[in-house]
Amino acid sequence: MNECFDDLGKEHRADGSMWFNDLKRERQNGPSLTTNRYESCDFSTKSVHSGQYDDPLTKALGTPIYQSSTFYLSEGVYDSIHEGSARDQMIYTRYGNPSQWAVQEKISALENAESTIVFASGMSAISSAILSVLEKSSHMVTSRDLYGGTYNLLYEDLQRFGMSVSYVSPTDINEIEAAIQEDTKLLYFESLTNPLLKMVPVEDLVALGKKYKLRVVIDNTFLTPYNLRVLDYGVDLVINSGTKYLGGHSDIVAGAVSGSRKLMDGVWGQMLKNGGSLDPHACFLLERSLKTFAIRMRTHNQNAKELAVYLENHPKIKRIYYPGSPSYAQTELAAKQLNGKCSGMMSFEVVGGNKAAHYLLDNLKLTKQATSLGGVESLGSLPYNTSQASLTENQQKEIGINEGLVRLSVGIEDIEDLKKDFERVLNTL
Ligand code: PLP
């Protein structure tokens with residue numbers, strides 16, 4: 001196609017129409033199939049009802065699985081492409097699909113977001129969100145404590161494409177501010193870090209974003225909107241790995257980004273290029289899982305709280321990392337930001353180092369030894385050889401991944417059974 005530029009440097013296509021990102025258009029929530037987000041209802045009710053599409057033709061209660069890669073074109077669809085509102089049309093499943101729209105509306109309701117996009121993985125969500133806000137030669141500030149996949153993306157690929165990244169402590173707002181440069185565009189942090197559960201001060205981070213006119217993006221996978229809604233603080237985009245608590249059953253790989261419709265249209269444009277939209281069948285599973293999200297999270301939170309007390313007082317446990325524990329390094333911030341809703345994640349160091357940690361995980365019966373988190377079953381792994389395996393030994397030491405560190409995702413089993421299982425193995429250590 002033959003492009004030309006107007007006086008403002010905006011690109012026009014040969015037929016005079018403008019590129020998608022240059023169009024001025026009315027913004028609306030969504031896209032969505034239904035208009036009812038159950039805004040006046042509470043979290044559990046939204047988990048059950050928001051976004052669900054009851055098919056008016058068949059009267060099926062619940063969203064059908066729209067297992068179709070493409071949709072009939074019409075004059076209205078062609079017009080929408082020219083007007084820049086193609087995101088609100090069904091055209092092709094990578095662009096949008098009713099099964100995606102339904103679960104996206106549910107997540108939007110839970111996040112208090114105007115708009116959400118679901119992705120084929122958390123990493124796909126992360127890469128599209130980050131690329132949508134960075135430009136040529138941009139700089140971003142992020143945490144030294146990051147999920148390994150995210151670290152690899154930033155360290156290997158962003159730098160390869162001419163962008164630069166500063167790594168700082170996520171708990172020190174002064175260090176974060178000091179790392180901001182003239183070409184900084186983005187502050188990117190995990191609300192609760194993987195695996196040491198360090199907390200970023202969200203309110204202070206948003207204030208920095210406003211002061212320096214930067215985008216603030218948070219990976220909220222460990223906490224989820226049940227425990228912390230970062231968009232309410234003014235964060236620009238929130239990311240969840242849907243593989244974890246949102247999916248909740250260790251049976252799908254998915255991701256989600258939520259935010260204002262304006263920014264999410266940019267993420268959508270990026271997603272079209274990266275690919276990585278979520279398959280309709282996985283959308284169905286994600287939407288179905290989210291109906292029990294609130295009750296699952298309540299049990300994860302409660303079980304973790306009780307297990308943390310047990311582990312903290314056990315002589316074979318050297319140290320525990322859990323925001324609800326009295327020994328947590330940021331108790332004041334945790335009380336303010338989480339108000340007792342600490343999620344089901346914790347890490348702890350076993351007396352006897354990595355050998356003892358391996359022995360523990362090899363012998364627990366209810367806590368399954370597997371990477372990933374947020375499932376109904378308790379899952380345990382050793383960060384040094386899983387989520388943080390791509391870091392050097394020195395980098396692991398620098399962020400505090402010590403010998404014997406176990407990451408535990410506490411499931412929704414009966415807490416007394418979980419404790420008994422730990423007691424049995426810890427007593428033979
Ligand atoms: N963010 C965090 C905090 C994670 O722990 C993970 C995976 O473990 C991801 C993102 C990536 O999610 P996914 O595996 O769905 O791509």
# chains A, B, ... in the order shown; residues from 1 in each chain; ligands from 1

$ select_by_dssp --residues "stretch 131-219 of chain A" --states "alpha helix (DSSP H)" --output "MDAnalysis selection string"
chainID A and resid 131:133 148:152 159:160 173:178 202:212

$ residues_near_ligand --ligand "ligand 1" --cutoff "9 Å" --atoms "only C-alpha atoms and all ligand atoms" --output "PyMOL selection string"
chain A and resi 119-126+146-150+190-195+219-222+239-244+252-255+371-373+387

$ atom_distance --atom1 "atom CA of A:Glu135" --atom2 "atom CA of A:Ser85"
23.7 Å

$ closest_residue --among "A:Pro326, A:Gly411, A:Pro383, A:Gly374" --to "A:Ser250" --atoms "only C-alpha atoms"
A:Gly374

$ residues_around --residues "stretch 285-301 of chain A" --least-positions-apart "4" --cutoff "6 Å" --atoms "only C-alpha atoms" --output "ChimeraX atom specification"
/A:44,47-48,103,247,343-344,411-412

$ write_last_selection --atoms "N, CA, C and O atoms" --output "CSV table (one decimal), in the first residue's frame"
chain,number,residue,atom,x,y,z
A,44,SER,N,-18.0,-11.8,44.7
A,44,SER,CA,-18.4,-13.2,44.4
A,44,SER,C,-19.5,-13.2,43.3
A,44,SER,O,-19.5,-14.0,42.5
A,47,SER,N,-18.0,-12.6,40.1
A,47,SER,CA,-17.3,-13.8,39.6
A,47,SER,C,-18.3,-14.7,38.9
A,47,SER,O,-18.0,-15.3,37.9
A,48,VAL,N,-19.5,-14.9,39.5
A,48,VAL,CA,-20.4,-15.8,38.9
A,48,VAL,C,-21.1,-15.3,37.7
A,48,VAL,O,-21.1,-16.0,36.6
A,103,VAL,N,-15.3,-13.9,28.7
A,103,VAL,CA,-14.4,-14.0,29.9
A,103,VAL,C,-13.6,-12.7,30.1
A,103,VAL,O,-13.3,-12.3,31.3
A,247,GLY,N,-7.3,-19.3,36.4
A,247,GLY,CA,-7.7,-20.6,35.9
A,247,GLY,C,-7.9,-21.6,37.1
A,247,GLY,O,-8.9,-22.3,37.2
A,343,SER,N,-3.1,-13.9,50.0
A,343,SER,CA,-3.0,-14.9,48.9
A,343,SER,C,-2.5,-16.2,49.5
A,343,SER,O,-2.2,-16.3,50.7
A,344,GLY,N,-2.3,-17.2,48.6
A,344,GLY,CA,-1.9,-18.5,49.1
A,344,GLY,C,-0.4,-18.8,48.9
A,344,GLY,O,0.0,-19.9,48.9
A,411,GLY,N,-2.9,-24.9,48.5
A,411,GLY,CA,-4.1,-25.2,47.8
A,411,GLY,C,-5.3,-25.0,48.7
A,411,GLY,O,-5.3,-24.4,49.7
A,412,ILE,N,-6.4,-25.7,48.2
A,412,ILE,CA,-7.7,-25.5,49.0
A,412,ILE,C,-8.0,-26.8,49.7
A,412,ILE,O,-9.2,-27.1,50.0

$ atom_distance --atom1 "atom CA of A:Ser258" --atom2 "atom CA of A:Asp54"
23.5 Å

$ atom_distance --atom1 "atom CA of A:Ala335" --atom2 "atom CA of A:Val202"
13.1 Å

$ residues_around --residues "A:Gln104" --least-positions-apart "3" --cutoff "10 Å" --atoms "only C-alpha atoms" --output "PyMOL selection string"
chain A and resi 30-32+50-52+98-101+107-110+113+115-118+256-258+283+286-287

$ write_last_selection --atoms "C-alpha atoms" --output "JSON list (two decimals), in the first residue's frame"
[["chain", "number", "residue", "atom", "x", "y", "z"],
["A", 30, "GLY", "CA", -15.42, -3.72, 26.33],
["A", 31, "PRO", "CA", -15.75, -5.04, 23.68],
["A", 32, "SER", "CA", -18.57, -7.11, 25.12],
["A", 50, "SER", "CA", -20.39, -10.84, 34.95],
["A", 51, "GLY", "CA", -19.63, -11.37, 31.30],
["A", 52, "GLN", "CA", -21.60, -14.60, 30.99],
["A", 98, "PRO", "CA", -17.38, -14.17, 21.61],
["A", 99, "SER", "CA", -15.80, -16.69, 23.99],
["A", 100, "GLN", "CA", -12.93, -14.23, 24.57],
["A", 101, "TRP", "CA", -15.30, -11.29, 25.00],
["A", 107, "ILE", "CA", -12.15, -10.13, 34.33],
["A", 108, "SER", "CA", -12.88, -6.45, 33.64],
["A", 109, "ALA", "CA", -15.67, -6.54, 36.23],
["A", 110, "LEU", "CA", -13.31, -8.13, 38.79],
["A", 113, "ALA", "CA", -11.29, -2.16, 34.29],
["A", 115, "SER", "CA", -11.32, -3.35, 29.03],
["A", 116, "THR", "CA", -9.45, -6.66, 29.14],
["A", 117, "ILE", "CA", -7.71, -8.93, 26.63],
["A", 118, "VAL", "CA", -7.09, -12.59, 27.29],
["A", 256, "ALA", "CA", -4.86, -11.33, 30.79],
["A", 257, "VAL", "CA", -4.16, -7.61, 30.59],
["A", 258, "SER", "CA", -6.71, -5.08, 31.86],
["A", 283, "CYS", "CA", -11.73, -19.14, 27.27],
["A", 286, "LEU", "CA", -11.20, -19.77, 32.23],
["A", 287, "GLU", "CA", -14.70, -18.29, 32.44]]

$ closest_atom_pairs --of "stretch 194-248 of chain A" --to "stretch 163-175 of chain A" --cutoff "12 Å" --atoms "only C-alpha atoms" --output "Markdown table"
| residue | atom | partner | partner_atom | distance |
| --- | --- | --- | --- | --- |
| A:Asn194 | CA | A:Pro170 | CA | 11.4 |
| A:Leu196 | CA | A:Pro170 | CA | 11.2 |
| A:Leu197 | CA | A:Pro170 | CA | 10.5 |
| A:Lys198 | CA | A:Thr171 | CA | 6.7 |
| A:Met199 | CA | A:Thr171 | CA | 6.0 |
| A:Val200 | CA | A:Thr171 | CA | 5.2 |
| A:Pro201 | CA | A:Thr171 | CA | 6.8 |
| A:Val202 | CA | A:Ile173 | CA | 9.8 |
| A:Glu203 | CA | A:Ile173 | CA | 10.3 |
| A:Asp204 | CA | A:Ile173 | CA | 7.0 |
| A:Leu205 | CA | A:Ile173 | CA | 7.1 |
| A:Val206 | CA | A:Ile173 | CA | 10.7 |
| A:Ala207 | CA | A:Ile173 | CA | 10.3 |
| A:Leu208 | CA | A:Ile173 | CA | 8.7 |
| A:Gly209 | CA | A:Ile173 | CA | 11.6 |
| A:Ile218 | CA | A:Pro170 | CA | 11.5 |

$ residues_around --residues "A:Lys136" --least-positions-apart "6" --cutoff "12 Å" --atoms "only C-alpha atoms" --output "PyMOL selection string"
chain A and resi 158-164+183-185

$ select_by_dssp --residues "stretch 315-409 of chain A" --states "strand (DSSP E or B)" --output "number ranges by chain"
A: 317-321, 345-350, 368-369, 379-381, 405-409

$ residues_around --residues "A:Lys355" --least-positions-apart "4" --cutoff "12 Å" --atoms "only C-alpha atoms" --output "short mmCIF file (atom, residue, chain, number, x, y, z; two decimals) with all heavy atoms, in the first residue's frame"
data_model
loop_
_atom_site.label_atom_id
_atom_site.label_comp_id
_atom_site.auth_asym_id
_atom_site.auth_seq_id
_atom_site.Cartn_x
_atom_site.Cartn_y
_atom_site.Cartn_z
N GLU A 349 12.65 -21.26 54.05
CA GLU A 349 13.95 -21.95 53.97
C GLU A 349 13.96 -23.11 54.95
O GLU A 349 13.62 -22.94 56.13
CB GLU A 349 15.08 -20.97 54.32
CG GLU A 349 15.34 -19.96 53.20
CD GLU A 349 16.11 -18.74 53.66
OE1 GLU A 349 16.75 -18.79 54.74
OE2 GLU A 349 16.05 -17.72 52.96
N VAL A 350 14.34 -24.25 54.44
CA VAL A 350 14.39 -25.46 55.27
C VAL A 350 15.78 -25.59 55.88
O VAL A 350 16.79 -25.35 55.20
CB VAL A 350 14.09 -26.72 54.40
CG1 VAL A 350 13.99 -27.97 55.27
CG2 VAL A 350 12.81 -26.52 53.61
N VAL A 351 15.83 -25.95 57.17
CA VAL A 351 17.13 -26.23 57.81
C VAL A 351 17.75 -27.40 57.05
O VAL A 351 17.09 -28.41 56.80
CB VAL A 351 16.93 -26.60 59.30
CG1 VAL A 351 18.24 -27.05 59.93
CG2 VAL A 351 16.31 -25.44 60.07
N TYR A 359 14.38 -33.18 49.79
CA TYR A 359 13.82 -34.31 50.55
C TYR A 359 12.37 -34.01 50.94
O TYR A 359 11.48 -34.86 50.80
CB TYR A 359 14.68 -34.55 51.80
CG TYR A 359 14.13 -35.60 52.71
CD1 TYR A 359 14.40 -36.95 52.48
CD2 TYR A 359 13.31 -35.26 53.79
CE1 TYR A 359 13.87 -37.93 53.31
CE2 TYR A 359 12.77 -36.24 54.62
CZ TYR A 359 13.06 -37.57 54.38
OH TYR A 359 12.52 -38.54 55.18
N LEU A 360 12.15 -32.78 51.40
CA LEU A 360 10.79 -32.40 51.82
C LEU A 360 9.81 -32.55 50.65
O LEU A 360 8.78 -33.21 50.76
CB LEU A 360 10.80 -30.94 52.34
CG LEU A 360 9.45 -30.34 52.70
CD1 LEU A 360 8.85 -31.05 53.92
CD2 LEU A 360 9.57 -28.84 53.00
N LEU A 361 10.15 -31.94 49.51
CA LEU A 361 9.22 -31.97 48.37
C LEU A 361 9.07 -33.38 47.80
O LEU A 361 8.01 -33.75 47.32
CB LEU A 361 9.66 -31.00 47.28
CG LEU A 361 9.53 -29.51 47.62
CD1 LEU A 361 9.76 -28.66 46.38
CD2 LEU A 361 8.16 -29.17 48.21
N ASP A 362 10.16 -34.16 47.86
CA ASP A 362 10.08 -35.54 47.34
C ASP A 362 9.14 -36.39 48.18
O ASP A 362 8.60 -37.39 47.70
CB ASP A 362 11.47 -36.22 47.36
CG ASP A 362 12.38 -35.69 46.26
OD1 ASP A 362 11.85 -35.02 45.34
OD2 ASP A 362 13.60 -35.92 46.33
N LEU A 382 11.37 -25.58 43.97
CA LEU A 382 12.57 -24.91 44.46
C LEU A 382 12.96 -23.84 43.45
O LEU A 382 13.39 -24.18 42.34
CB LEU A 382 13.72 -25.90 44.63
CG LEU A 382 13.43 -27.13 45.51
CD1 LEU A 382 14.69 -27.96 45.69
CD2 LEU A 382 12.90 -26.72 46.87
N GLU A 403 20.01 -20.98 50.09
CA GLU A 403 19.97 -22.46 50.16
C GLU A 403 18.69 -22.91 50.88
O GLU A 403 18.31 -22.32 51.90
CB GLU A 403 21.16 -22.93 51.00
CG GLU A 403 22.43 -23.10 50.21
CD GLU A 403 22.46 -24.47 49.55
OE1 GLU A 403 22.15 -25.46 50.19
OE2 GLU A 403 22.83 -24.52 48.35
N GLY A 404 18.05 -23.91 50.36
CA GLY A 404 16.91 -24.52 51.05
C GLY A 404 15.59 -23.81 50.84
O GLY A 404 14.60 -24.10 51.51
N LEU A 405 15.57 -22.83 49.90
CA LEU A 405 14.33 -22.07 49.70
C LEU A 405 13.30 -22.90 48.92
O LEU A 405 13.58 -23.40 47.84
CB LEU A 405 14.62 -20.77 48.93
CG LEU A 405 13.40 -19.85 48.81
CD1 LEU A 405 13.13 -19.12 50.13
CD2 LEU A 405 13.58 -18.82 47.70
N VAL A 406 12.11 -22.99 49.49
CA VAL A 406 10.99 -23.69 48.86
C VAL A 406 9.90 -22.66 48.58
O VAL A 406 9.59 -21.84 49.44
CB VAL A 406 10.41 -24.77 49.81
CG1 VAL A 406 9.14 -25.40 49.23
CG2 VAL A 406 11.46 -25.83 50.09
N LEU A 429 13.23 -35.21 59.01
CA LEU A 429 14.37 -34.47 58.40
C LEU A 429 15.59 -34.50 59.32
O LEU A 429 15.45 -34.22 60.50
CB LEU A 429 13.95 -33.00 58.18
CG LEU A 429 13.71 -32.55 56.75
CD1 LEU A 429 13.40 -31.06 56.75
CD2 LEU A 429 14.91 -32.83 55.86
#

$ residues_around --residues "A:Leu418" --least-positions-apart "6" --cutoff "8 Å" --atoms "only C-alpha atoms" --output "list in words"
Leu307, Leu366 and Thr367 of chain A

$ closest_residue --among "A:Lys420, A:Asn303, A:Asp145, A:Gln181" --to "A:Ile401" --atoms "only C-alpha atoms"
A:Asp145

$ closest_residue --among "A:Leu33, A:Tyr38, A:Gly375, A:Ser138" --to "A:His249" --atoms "only C-alpha atoms"
A:Gly375

$ closest_residue --among "A:Tyr95, A:Phe71, A:Phe422, A:Tyr226" --to "A:Gly276" --atoms "only C-alpha atoms"
A:Tyr95
